[in-house]
$ cat entry-v8.txt   # compact mmCIF, C-alpha atoms
# COMPACT_ATOMS: atom_id res chain seq x y z
CA MET A 22 -112.50 -123.62 -0.41
CA THR A 23 -115.76 -121.69 -0.10
CA LYS A 24 -117.98 -121.79 -3.15
CA ASN A 25 -118.28 -118.57 -5.16
CA LYS A 26 -121.99 -118.18 -4.40
CA ALA A 27 -121.12 -117.73 -0.70
CA LEU A 28 -118.56 -114.98 -1.33
CA LEU A 29 -118.95 -111.29 -0.58
CA LYS A 30 -117.60 -109.08 -3.38
CA LEU A 31 -116.44 -105.58 -2.45
CA SER A 32 -116.33 -102.55 -4.75
CA ASP A 33 -112.67 -103.18 -5.66
CA ASN A 34 -113.33 -106.85 -6.56
CA VAL A 35 -111.98 -108.21 -3.27
CA LYS A 36 -113.87 -111.41 -2.48
CA LEU A 37 -114.44 -112.47 1.12
CA ASN A 38 -116.13 -115.36 2.81
CA ARG A 39 -119.71 -114.45 3.74
CA THR A 40 -119.72 -115.14 7.48
CA SER A 41 -122.55 -114.51 9.92
CA ASN A 42 -121.52 -111.50 11.99
CA ALA A 43 -122.14 -107.77 12.21
CA ILE A 44 -118.93 -106.94 10.34
CA THR A 45 -119.94 -108.96 7.29
CA ALA A 46 -123.49 -107.62 7.48
CA GLU A 47 -122.22 -104.04 7.23
CA MET A 48 -119.93 -104.91 4.28
CA VAL A 49 -122.87 -106.59 2.53
CA GLN A 50 -124.78 -103.31 2.74
CA THR A 51 -121.93 -100.95 1.81
CA LYS A 52 -120.09 -103.26 -0.62
CA ASP A 53 -116.95 -101.76 0.87
CA TYR A 54 -114.40 -102.34 3.61
CA TYR A 55 -115.58 -102.45 7.19
CA GLN A 56 -114.90 -99.11 8.94
CA LYS A 57 -113.64 -97.64 5.66
CA ALA A 58 -113.80 -94.06 6.99
CA VAL A 59 -111.86 -94.98 10.12
CA LEU A 60 -109.26 -96.82 8.05
CA GLU A 61 -108.70 -93.74 5.92
CA GLU A 62 -108.62 -91.46 8.98
CA PHE A 63 -106.08 -93.56 10.87
CA ALA A 64 -103.92 -94.20 7.78
CA ALA A 65 -101.62 -91.31 8.73
CA PHE A 66 -100.38 -93.29 11.73
CA ILE A 67 -99.44 -96.35 9.67
CA PRO A 68 -95.88 -96.09 8.30
CA GLU A 69 -94.90 -97.39 4.87
CA LYS A 70 -93.94 -101.05 4.65
CA ALA A 71 -95.36 -101.52 8.13
CA VAL A 72 -95.70 -104.82 9.96
CA ILE A 73 -99.23 -104.94 11.37
CA TYR A 74 -100.75 -107.30 13.93
CA GLU A 75 -104.53 -107.72 13.49
CA LEU A 76 -105.52 -109.60 16.63
CA ASP A 77 -109.14 -110.26 15.61
CA SER A 78 -109.47 -112.50 12.53
CA ARG A 79 -112.97 -111.14 11.88
CA PHE A 80 -111.19 -108.02 10.61
CA VAL A 81 -109.66 -109.80 7.61
CA SER A 82 -110.96 -106.90 5.49
CA HIS A 83 -108.68 -104.59 7.52
CA ALA A 84 -105.72 -106.86 6.79
CA ILE A 85 -106.48 -106.76 3.06
CA TYR A 86 -106.92 -102.97 3.16
CA PHE A 87 -103.55 -102.55 4.90
CA SER A 88 -101.89 -104.78 2.30
CA LYS A 89 -103.55 -103.26 -0.74
CA TYR A 90 -103.76 -99.57 0.09
CA ARG A 91 -101.11 -98.99 2.79
CA ASP A 92 -98.43 -101.23 1.24
CA ALA A 93 -97.94 -103.20 4.44
CA SER A 94 -94.95 -105.52 4.24
CA LYS A 95 -96.53 -108.06 6.61
CA VAL A 96 -99.92 -108.48 8.26
CA TYR A 97 -100.50 -111.14 10.91
CA LEU A 98 -104.03 -112.36 11.65
CA PHE A 99 -104.72 -114.40 14.78
CA GLU A 100 -107.49 -116.93 15.38
CA MET A 101 -107.89 -119.73 17.91
CA ASN A 102 -110.70 -121.55 16.09
CA GLN A 103 -109.31 -123.87 13.42
CA THR A 104 -112.28 -123.49 11.05
CA ARG A 105 -112.29 -119.69 11.19
CA LEU A 106 -108.51 -119.71 10.83
CA ARG A 107 -108.82 -121.75 7.62
CA GLU A 108 -111.53 -119.42 6.26
CA THR A 109 -109.39 -116.38 7.01
CA ARG A 110 -106.40 -117.96 5.29
CA ASN A 111 -108.59 -118.75 2.28
CA ASP A 112 -109.66 -115.09 2.06
CA ALA A 113 -106.03 -113.96 1.97
CA THR A 114 -105.05 -116.63 -0.58
CA ARG A 115 -108.08 -116.03 -2.80
CA ASN A 116 -107.26 -112.33 -3.11
CA LYS A 117 -103.54 -113.03 -3.67
CA PHE A 118 -102.04 -111.27 -0.67
CA PRO A 119 -99.07 -113.45 0.35
CA GLN A 120 -97.97 -110.89 2.95
CA ILE A 121 -101.01 -111.81 5.06
CA GLU A 122 -100.21 -114.69 7.41
CA CYS A 123 -102.79 -116.43 9.60
CA LEU A 124 -101.60 -117.84 12.93
CA ARG A 125 -103.09 -119.71 15.86
CA PRO A 126 -101.96 -117.90 19.03
CA ASP A 127 -101.07 -118.98 22.53
CA TRP A 128 -101.00 -115.57 24.20
CA ALA A 129 -99.96 -116.82 27.61
CA ARG A 130 -96.85 -118.60 26.34
CA ASN A 131 -96.19 -116.12 23.53
CA ARG A 132 -96.22 -118.93 20.96
CA PHE A 133 -97.78 -118.73 17.52
CA VAL A 134 -98.34 -121.56 15.07
CA ARG A 135 -98.84 -121.64 11.32
CA VAL A 136 -99.99 -124.59 9.23
CA GLU A 137 -97.61 -125.77 6.51
CA LYS A 138 -98.54 -128.79 4.39
CA GLY A 139 -100.96 -129.97 7.04
CA LYS A 140 -98.40 -129.67 9.85
CA SER A 141 -98.27 -127.10 12.64
CA VAL A 142 -95.04 -125.11 12.65
CA GLN A 143 -94.03 -122.50 15.19
CA ALA A 144 -93.89 -119.06 13.56
CA GLU A 145 -91.11 -116.54 14.01
CA MET A 146 -92.87 -113.20 13.63
CA VAL A 147 -91.45 -109.81 12.69
CA ALA A 148 -91.81 -107.11 15.35
CA PRO A 149 -94.92 -104.96 14.78
CA HIS A 150 -95.19 -101.30 13.86
CA VAL A 151 -98.97 -101.24 14.44
CA ILE A 152 -101.26 -103.45 16.55
CA HIS A 153 -105.04 -103.35 16.12
CA VAL A 154 -106.91 -104.75 19.13
CA THR A 155 -110.69 -104.93 19.37
CA ALA A 156 -112.67 -104.75 22.61
CA ARG A 157 -113.36 -108.47 22.32
CA MET A 158 -109.64 -109.23 22.23
CA LEU A 159 -108.84 -106.76 25.03
CA GLU A 160 -111.28 -108.64 27.21
CA ALA A 161 -109.53 -111.88 26.32
CA ASP A 162 -106.24 -112.94 27.83
CA VAL A 163 -103.98 -110.67 25.74
CA LEU A 164 -103.19 -107.76 28.08
CA GLU A 165 -100.01 -109.30 29.42
CA TRP A 166 -98.78 -110.04 25.92
CA LEU A 167 -99.78 -106.56 24.71
CA THR A 168 -97.98 -104.92 27.64
CA LYS A 169 -94.83 -106.86 26.75
CA GLN A 170 -95.07 -105.56 23.18
CA MET A 171 -95.43 -101.99 24.45
CA GLU A 172 -92.33 -102.42 26.60
CA ASP A 173 -90.19 -104.04 23.91
CA VAL A 174 -91.34 -102.53 20.61
CA ARG A 175 -93.53 -99.50 21.44
CA PRO A 176 -95.81 -99.95 18.43
CA VAL A 177 -98.70 -97.73 17.40
CA LEU A 178 -101.88 -99.06 19.02
CA TRP A 179 -105.32 -98.94 17.43
CA LEU A 180 -107.75 -99.84 20.21
CA GLU A 181 -111.48 -100.11 20.69
CA THR A 182 -112.32 -98.15 23.83
CA ASP A 183 -115.76 -99.52 24.69
CA GLY A 184 -114.63 -102.76 26.29
CA ALA A 185 -115.58 -103.70 29.82
CA ASN A 186 -111.96 -103.64 30.98
CA PHE A 187 -110.78 -100.53 29.14
CA ALA A 188 -110.25 -98.68 32.43
CA GLU A 189 -107.55 -101.22 33.23
CA VAL A 190 -106.19 -100.84 29.70
CA ALA A 191 -106.13 -97.04 30.07
CA THR A 192 -104.13 -97.38 33.28
CA ILE A 193 -101.58 -99.56 31.53
CA LEU A 194 -101.39 -97.10 28.63
CA GLU A 195 -100.74 -94.19 30.99
CA LYS A 196 -98.12 -96.16 32.87
CA MET A 197 -96.39 -97.05 29.60
CA ASN A 198 -96.40 -93.37 28.46
CA TYR A 199 -98.92 -93.97 25.67
CA GLN A 200 -101.09 -91.02 24.69
CA MET A 201 -104.16 -90.80 22.49
CA ARG A 202 -103.41 -89.20 19.12
CA GLN A 203 -106.70 -89.66 17.25
CA GLN A 204 -110.20 -90.86 18.10
CA ASP A 205 -113.23 -91.74 16.02
CA GLY A 206 -116.16 -93.05 18.03
CA ASN A 207 -114.99 -96.06 19.99
CA ASN A 208 -111.76 -96.34 17.97
CA ALA A 209 -108.62 -94.54 19.10
CA VAL A 210 -104.95 -94.43 18.13
CA TYR A 211 -102.31 -94.40 20.87
CA THR A 212 -98.59 -93.76 20.42
CA PHE A 213 -95.68 -93.86 22.82
CA GLN A 214 -94.48 -90.48 24.15
CA GLU A 215 -91.15 -89.91 25.89
CA ALA A 216 -91.37 -88.45 29.43
CA ALA A 217 -90.29 -84.83 29.98
CA GLU A 218 -87.26 -85.76 32.11
CA GLU A 219 -86.21 -88.28 29.56
CA ASP A 220 -86.60 -85.59 26.90
CA HIS A 221 -84.36 -83.24 28.92
CA GLU A 222 -81.75 -85.94 29.45
CA LEU A 223 -81.93 -86.80 25.80
CA GLU A 224 -81.49 -83.14 24.89
CA GLU A 225 -78.44 -82.86 27.17
CA LYS A 226 -76.98 -85.99 25.67
CA ILE A 227 -77.58 -84.66 22.20
CA LEU A 228 -75.94 -81.31 23.07
CA GLU A 229 -73.01 -83.09 24.67
CA ARG A 230 -72.68 -85.31 21.64
CA LEU A 231 -72.86 -82.27 19.35
CA ASP A 232 -70.15 -80.52 21.37
CA THR A 233 -67.99 -83.61 21.09
CA TYR A 234 -68.61 -83.70 17.37
CA LYS A 235 -67.68 -80.00 17.12
CA ARG A 236 -64.36 -80.57 18.89
CA GLN A 237 -63.68 -83.55 16.68
CA ILE A 238 -64.53 -81.51 13.60
CA ASP A 239 -62.23 -78.65 14.72
CA ARG A 240 -59.41 -81.09 15.34
CA MET A 241 -60.01 -82.75 12.01
CA LYS A 242 -60.07 -79.33 10.35
CA GLN A 243 -56.70 -78.40 11.88
CA GLU A 244 -55.21 -81.74 10.87
CA TYR A 245 -56.67 -81.29 7.43
CA GLU A 246 -55.13 -77.81 7.06
CA GLU A 247 -51.73 -79.09 8.19
CA GLU A 248 -51.95 -82.03 5.85
CA LEU A 249 -53.10 -79.72 3.08
CA ALA A 250 -50.05 -77.49 3.64
CA LEU A 251 -47.75 -80.52 3.40
CA ILE A 252 -49.52 -81.69 0.29
CA GLN A 253 -49.22 -78.20 -1.22
CA ALA A 254 -45.47 -78.14 -0.52
CA LYS A 255 -45.03 -81.56 -2.05
CA TYR A 256 -47.14 -80.48 -4.98
CA ASP A 257 -45.00 -77.36 -5.56
CA GLU A 258 -41.85 -79.47 -5.45
CA LYS A 259 -43.28 -81.98 -7.86
CA ALA A 260 -44.47 -79.14 -10.07
CA LEU A 261 -40.89 -77.81 -10.38
CA VAL A 262 -39.60 -81.27 -11.24
CA LEU A 263 -42.34 -81.75 -13.78
CA GLU A 264 -41.67 -78.34 -15.27
CA GLU A 265 -38.02 -79.29 -15.82
CA LYS A 266 -39.09 -82.57 -17.35
CA TYR A 267 -41.58 -80.84 -19.61
CA ARG A 268 -38.92 -78.34 -20.72
CA ALA A 269 -36.53 -81.17 -21.58
CA ILE A 270 -39.32 -82.99 -23.38
CA GLU A 271 -40.18 -79.83 -25.30
CA GLU A 272 -36.57 -79.42 -26.44
CA THR A 273 -36.50 -83.06 -27.48
CA TRP A 274 -39.70 -82.59 -29.42
CA VAL A 275 -38.27 -79.52 -31.21
CA GLU A 276 -35.18 -81.49 -32.22
CA GLN A 277 -37.26 -84.42 -33.35
CA GLY A 278 -39.50 -82.00 -35.26
CA LYS A 279 -36.52 -80.69 -37.20
CA LYS A 280 -35.43 -84.23 -38.03
CA GLN A 281 -38.93 -85.09 -39.09
CA ALA A 282 -39.01 -82.02 -41.35
CA GLU A 283 -35.76 -83.10 -43.04
CA THR A 284 -37.14 -86.60 -43.43
CA VAL A 285 -40.32 -85.22 -44.97
CA LYS A 286 -38.32 -83.14 -47.44
CA GLN A 287 -36.25 -86.18 -48.43
CA HIS A 288 -39.43 -88.19 -48.88
CA GLN A 289 -40.83 -85.41 -51.03
CA ARG A 290 -37.77 -85.50 -53.25
CA ASP A 291 -38.01 -89.28 -53.54
CA VAL A 292 -41.66 -88.96 -54.44
CA ASN A 293 -40.90 -86.41 -57.17
CA GLU A 294 -38.22 -88.66 -58.64
CA ALA A 295 -40.61 -91.58 -58.54
CA LYS A 296 -43.22 -89.49 -60.33
CA GLN A 297 -40.72 -88.62 -63.08
CA LEU A 298 -39.77 -92.28 -63.45
CA VAL A 299 -43.41 -93.24 -63.68
CA GLN A 300 -43.91 -90.56 -66.36
CA HIS A 301 -40.99 -91.95 -68.42
CA ILE A 302 -42.38 -95.46 -68.14
CA SER A 303 -45.80 -94.19 -69.14
CA ASP A 304 -44.36 -92.45 -72.20
CA ALA A 305 -42.50 -95.62 -73.20
CA LEU A 306 -45.66 -97.69 -72.83
CA ASN A 307 -47.61 -95.22 -74.94
CA ALA A 308 -44.94 -95.37 -77.67
CA GLU A 309 -44.98 -99.17 -77.58
CA ARG A 310 -48.77 -99.11 -77.77
CA ALA A 311 -48.57 -96.87 -80.89
CA VAL A 312 -46.08 -99.25 -82.57
CA ASN A 313 -48.30 -102.21 -81.77
CA ASN A 314 -51.27 -100.42 -83.29
CA ASP A 315 -49.32 -99.77 -86.52
CA LEU A 316 -48.17 -103.40 -86.65
CA ASN A 317 -51.71 -104.64 -86.13
CA LYS A 318 -52.94 -102.40 -88.94
CA HIS A 319 -50.24 -103.79 -91.26
CA ILE A 320 -51.14 -107.36 -90.37
CA PHE A 321 -54.82 -106.68 -90.97
CA SER A 322 -53.95 -105.15 -94.36
CA LEU A 323 -51.96 -108.23 -95.38
CA LEU A 324 -54.76 -110.49 -94.26
CA GLU A 325 -57.19 -108.45 -96.31
CA ASP A 326 -55.01 -108.91 -99.43
CA GLU A 327 -54.71 -112.66 -98.93
CA LYS A 328 -58.40 -113.10 -98.21
CA PRO A 329 -59.45 -114.05 -101.84
CA VAL A 330 -56.67 -116.66 -102.01
CA LEU A 331 -57.72 -118.08 -98.69
CA ILE A 332 -61.35 -118.23 -99.82
CA THR A 333 -60.32 -120.05 -103.01
CA MET A 334 -58.21 -122.51 -101.02
CA LYS A 335 -61.11 -123.06 -98.66
CA LYS A 336 -63.41 -123.86 -101.60
CA ARG A 337 -60.79 -126.20 -103.07
CA ASP A 338 -60.43 -127.95 -99.76
CA ALA A 339 -64.19 -128.38 -99.60
CA GLN A 340 -64.19 -129.87 -103.13
CA GLN A 341 -61.37 -132.25 -102.26
CA VAL A 342 -63.18 -133.32 -99.11
CA LYS A 343 -66.25 -134.02 -101.22
CA GLU A 344 -64.24 -136.07 -103.74
CA ILE A 345 -62.59 -138.02 -100.93
CA ASN A 346 -66.00 -138.81 -99.47
CA ASN A 347 -67.17 -140.07 -102.89
CA LEU A 348 -64.05 -142.26 -103.22
CA LYS A 349 -64.72 -143.61 -99.73
CA LYS A 350 -68.24 -144.54 -100.78
CA GLU A 351 -66.97 -146.27 -104.01
CA ASN A 352 -64.32 -148.09 -102.00
CA ALA A 353 -66.95 -149.26 -99.54
CA THR A 354 -69.10 -150.50 -102.45
CA LEU A 355 -66.18 -152.39 -104.06
CA THR A 356 -65.20 -153.84 -100.71
CA ARG A 357 -68.72 -155.08 -100.19
CA LYS A 358 -68.78 -156.64 -103.71
CA LEU A 359 -65.39 -158.28 -103.13
CA SER A 360 -66.66 -159.75 -99.91
CA GLN A 361 -69.71 -161.11 -101.69
CA MET A 362 -67.62 -162.63 -104.50
CA THR A 363 -65.22 -164.14 -101.98
CA GLU A 364 -68.11 -165.69 -100.14
CA LYS A 365 -69.51 -167.09 -103.40
CA TYR A 366 -66.11 -168.47 -104.34
CA THR A 367 -65.76 -170.11 -100.97
CA ARG A 368 -69.15 -171.75 -101.27
CA LEU A 369 -68.47 -172.82 -104.84
CA ASN A 370 -65.06 -174.21 -103.95
CA SER A 371 -66.62 -176.25 -101.21
CA THR A 372 -69.14 -178.04 -103.47
CA LYS A 373 -68.94 -181.79 -104.16
CA VAL A 374 -68.34 -181.35 -107.89
CA ILE A 375 -65.31 -179.15 -107.35
CA ARG A 376 -63.87 -181.58 -104.83
CA MET A 377 -64.28 -184.44 -107.30
CA MET A 378 -62.68 -182.39 -110.05
CA ARG A 379 -59.70 -181.64 -107.82
CA LYS A 380 -59.29 -185.33 -107.14
CA TYR A 381 -59.57 -186.04 -110.82
CA TRP A 382 -56.87 -183.55 -111.70
CA LYS A 383 -54.61 -184.90 -109.01
CA LEU A 384 -54.99 -188.42 -110.41
CA LYS A 385 -54.44 -187.19 -113.92
CA ASN A 386 -51.29 -185.37 -112.92
CA LYS A 387 -49.97 -188.50 -111.19
CA ALA A 388 -50.65 -190.56 -114.33
CA LYS A 389 -48.62 -188.15 -116.40
CA ASP A 390 -45.75 -188.44 -114.03

$ encode --input "entry-v8.txt" --output "structure tokens"
Amino acid sequence: MTKNKALLKLSDNVKLNRTSNAITAEMVQTKDYYQKAVLEEFAAFIPEKAVIYELDSRFVSHAIYFSKYRDASKVYLFEMNQTRLRETRNDATRNKFPQIECLRPDWARNRFVRVEKGKSVQAEMVAPHVIHVTARMLEADVLEWLTKQMEDVRPVLWLETDGANFAEVATILEKMNYQMRQQDGNNAVYTFQEAAEEDHELEEKILERLDTYKRQIDRMKQEYEEELALIQAKYDEKALVLEEKYRAIEETWVEQGKKQAETVKQHQRDVNEAKQLVQHISDALNAERAVNNDLNKHIFSLLEDEKPVLITMKKRDAQQVKEINNLKKENATLTRKLSQMTEKYTRLNSTKVIRMMRKYWKLKNKAKD
């Protein structure tokens, strides 16, 4: 890639490689596209989404202008020199115009090569709407290829007219029915024009075709009217059938409406009876609620009368609980004393003196016997 310091920056921030030629020199001075006025003047001849062939790679600024301001769908740039081809491709890539494709041409064999991942691949190009050819390229070996394009595609041609061989080019243009449409200095736009006889034949063919279309339309109109009459008859017949059906449906609906009315009345009666039943139940519940209230009042009155007795009994119970607790404490004390005395008795009974006394008493009792 070219270093930034070697780049030429245009007024719309497009950055181009700063090459040594008159085109770059003019853009350095103007800070704008080369031949900007001519580009704007000839823009009317460039259709939307056009495919444009720019045969001179030095005009990379034209390719970018076509892509950016004329919405070109594809722009092909051609260059034989590998270094200049790479620089041109870098300009397109740097400014992010993927629709610009740079190819190495072989005009004589009508073969064009692109570079993909370091390999040369034959390109299949889209047919052009516009071809821009400079005097330098017209003087090169491109006339045969250009003539073939005029025969097959009839594109708009933007040509430089100051080349040494332009007389030959003009002869070819006249032979191919190309006429000048616009000129600015040594730049001119040529477009294909049909010959007068061909125009007359075309007009006759168009009139003949229109007459054929008219007969077809008349025949279609007659067939349409006949078909419409049949459809209308069928429609009337169906309308009668539908009317009978609708009448029967209407009678059915009336009968069903009467039945529904009777059903509604019966439901209304059932609802009224249910309301009366609910009212009776409500009255019974209210009476029961009143009895319960009286009973509760009586119970509360009895409880109020028995309250002093209950308080006295509660106090007595508390006193008894207190006495029981005191007895439990005394019992615990006596139990503890009994345990202590039992322990003392056990120790005393186990002494040597007591054992000797027991033996003595046993002997004494035996002696008595």

$ closest_residue --input "entry-v8.txt" --among "A:Val49, A:Leu124, A:Ala308, A:Ala43" --to "Ala27 in chain A" --atoms "all atoms listed in the file"
A:Val49

$ atom_distance --input "entry-v8.txt" --atom1 "CA of Val210 in chain A" --atom2 "CA of Ala191 in chain A"
12.3 Å

$ atom_distance --input "entry-v8.txt" --atom1 "CA of Val59 in chain A" --atom2 "CA of Glu47 in chain A"
14.1 Å

$ closest_residue --input "entry-v8.txt" --among "A:Phe87, A:Tyr211, A:Trp179, A:Tyr55" --to "Glu69 in chain A" --atoms "all atoms listed in the file"
A:Phe87

$ closest_residue --input "entry-v8.txt" --among "A:Met377, A:Leu31, A:Val96, A:Met171" --to "Leu76 in chain A" --atoms "only C-alpha atoms"
A:Val96

$ atom_distance --input "entry-v8.txt" --atom1 "CA of Val174 in chain A" --atom2 "CA of Tyr90 in chain A"
24.2 Å

$ closest_residue --input "entry-v8.txt" --among "A:Leu323, A:Ile152, A:Val292, A:Cys123" --to "Asn102 in chain A" --atoms "all atoms listed in the file"
A:Cys123

$ residues_around --input "entry-v8.txt" --residues "Leu159 in chain A" --least-positions-apart "2" --cutoff "9 Å" --atoms "only C-alpha atoms" --output "JSON, numbers by chain"
{"A": [154, 155, 156, 157, 161, 162, 163, 164, 180, 181, 184, 185, 186, 187, 190]}

$ write_last_selection --input "entry-v8.txt" --atoms "C-alpha atoms" --output "PDB file, keeping the file's coordinate frame"
ATOM      1  CA  VAL A 154    -106.910-104.750  19.130  1.00  0.00           C
ATOM      2  CA  THR A 155    -110.690-104.930  19.370  1.00  0.00           C
ATOM      3  CA  ALA A 156    -112.670-104.750  22.610  1.00  0.00           C
ATOM      4  CA  ARG A 157    -113.360-108.470  22.320  1.00  0.00           C
ATOM      5  CA  ALA A 161    -109.530-111.880  26.320  1.00  0.00           C
ATOM      6  CA  ASP A 162    -106.240-112.940  27.830  1.00  0.00           C
ATOM      7  CA  VAL A 163    -103.980-110.670  25.740  1.00  0.00           C
ATOM      8  CA  LEU A 164    -103.190-107.760  28.080  1.00  0.00           C
ATOM      9  CA  LEU A 180    -107.750 -99.840  20.210  1.00  0.00           C
ATOM     10  CA  GLU A 181    -111.480-100.110  20.690  1.00  0.00           C
ATOM     11  CA  GLY A 184    -114.630-102.760  26.290  1.00  0.00           C
ATOM     12  CA  ALA A 185    -115.580-103.700  29.820  1.00  0.00           C
ATOM     13  CA  ASN A 186    -111.960-103.640  30.980  1.00  0.00           C
ATOM     14  CA  PHE A 187    -110.780-100.530  29.140  1.00  0.00           C
ATOM     15  CA  VAL A 190    -106.190-100.840  29.700  1.00  0.00           C
TER      16      VAL A 190
END

$ closest_residue --input "entry-v8.txt" --among "A:Ile270, A:Ala58, A:Ile375, A:Leu106" --to "Asp77 in chain A" --atoms "all atoms listed in the file"
A:Leu106

$ residues_around --input "entry-v8.txt" --residues "Met146 in chain A" --least-positions-apart "3" --cutoff "9 Å" --atoms "all atoms listed in the file" --output "PyMOL selection string"
chain A and resi 97+133+149

$ residues_around --input "entry-v8.txt" --residues "Leu60 in chain A" --least-positions-apart "2" --cutoff "12 Å" --atoms "all atoms listed in the file" --output "PDB file with C-alpha atoms, in the coordinates of the input"
ATOM      1  CA  ASP A  53    -116.950-101.760   0.870  1.00  0.00           C
ATOM      2  CA  TYR A  54    -114.400-102.340   3.610  1.00  0.00           C
ATOM      3  CA  TYR A  55    -115.580-102.450   7.190  1.00  0.00           C
ATOM      4  CA  GLN A  56    -114.900 -99.110   8.940  1.00  0.00           C
ATOM      5  CA  LYS A  57    -113.640 -97.640   5.660  1.00  0.00           C
ATOM      6  CA  ALA A  58    -113.800 -94.060   6.990  1.00  0.00           C
ATOM      7  CA  GLU A  62    -108.620 -91.460   8.980  1.00  0.00           C
ATOM      8  CA  PHE A  63    -106.080 -93.560  10.870  1.00  0.00           C
ATOM      9  CA  ALA A  64    -103.920 -94.200   7.780  1.00  0.00           C
ATOM     10  CA  ALA A  65    -101.620 -91.310   8.730  1.00  0.00           C
ATOM     11  CA  PHE A  66    -100.380 -93.290  11.730  1.00  0.00           C
ATOM     12  CA  ILE A  67     -99.440 -96.350   9.670  1.00  0.00           C
ATOM     13  CA  PHE A  80    -111.190-108.020  10.610  1.00  0.00           C
ATOM     14  CA  SER A  82    -110.960-106.900   5.490  1.00  0.00           C
ATOM     15  CA  HIS A  83    -108.680-104.590   7.520  1.00  0.00           C
ATOM     16  CA  ALA A  84    -105.720-106.860   6.790  1.00  0.00           C
ATOM     17  CA  ILE A  85    -106.480-106.760   3.060  1.00  0.00           C
ATOM     18  CA  TYR A  86    -106.920-102.970   3.160  1.00  0.00           C
ATOM     19  CA  PHE A  87    -103.550-102.550   4.900  1.00  0.00           C
ATOM     20  CA  TYR A  90    -103.760 -99.570   0.090  1.00  0.00           C
ATOM     21  CA  ARG A  91    -101.110 -98.990   2.790  1.00  0.00           C
ATOM     22  CA  HIS A 153    -105.040-103.350  16.120  1.00  0.00           C
ATOM     23  CA  TRP A 179    -105.320 -98.940  17.430  1.00  0.00           C
ATOM     24  CA  GLN A 203    -106.700 -89.660  17.250  1.00  0.00           C
ATOM     25  CA  GLN A 204    -110.200 -90.860  18.100  1.00  0.00           C
ATOM     26  CA  ASP A 205    -113.230 -91.740  16.020  1.00  0.00           C
ATOM     27  CA  ASN A 208    -111.760 -96.340  17.970  1.00  0.00           C
ATOM     28  CA  ALA A 209    -108.620 -94.540  19.100  1.00  0.00           C
ATOM     29  CA  VAL A 210    -104.950 -94.430  18.130  1.00  0.00           C
TER      30      VAL A 210
END

$ closest_residue --input "entry-v8.txt" --among "A:Val35, A:Ala305, A:Gln287, A:Leu359" --to "Asp112 in chain A" --atoms "all atoms listed in the file"
A:Val35

$ residues_around --input "entry-v8.txt" --residues "Pro126 in chain A" --least-positions-apart "3" --cutoff "8 Å" --atoms "only C-alpha atoms" --output "number ranges by chain"
A: 99-101, 131-134
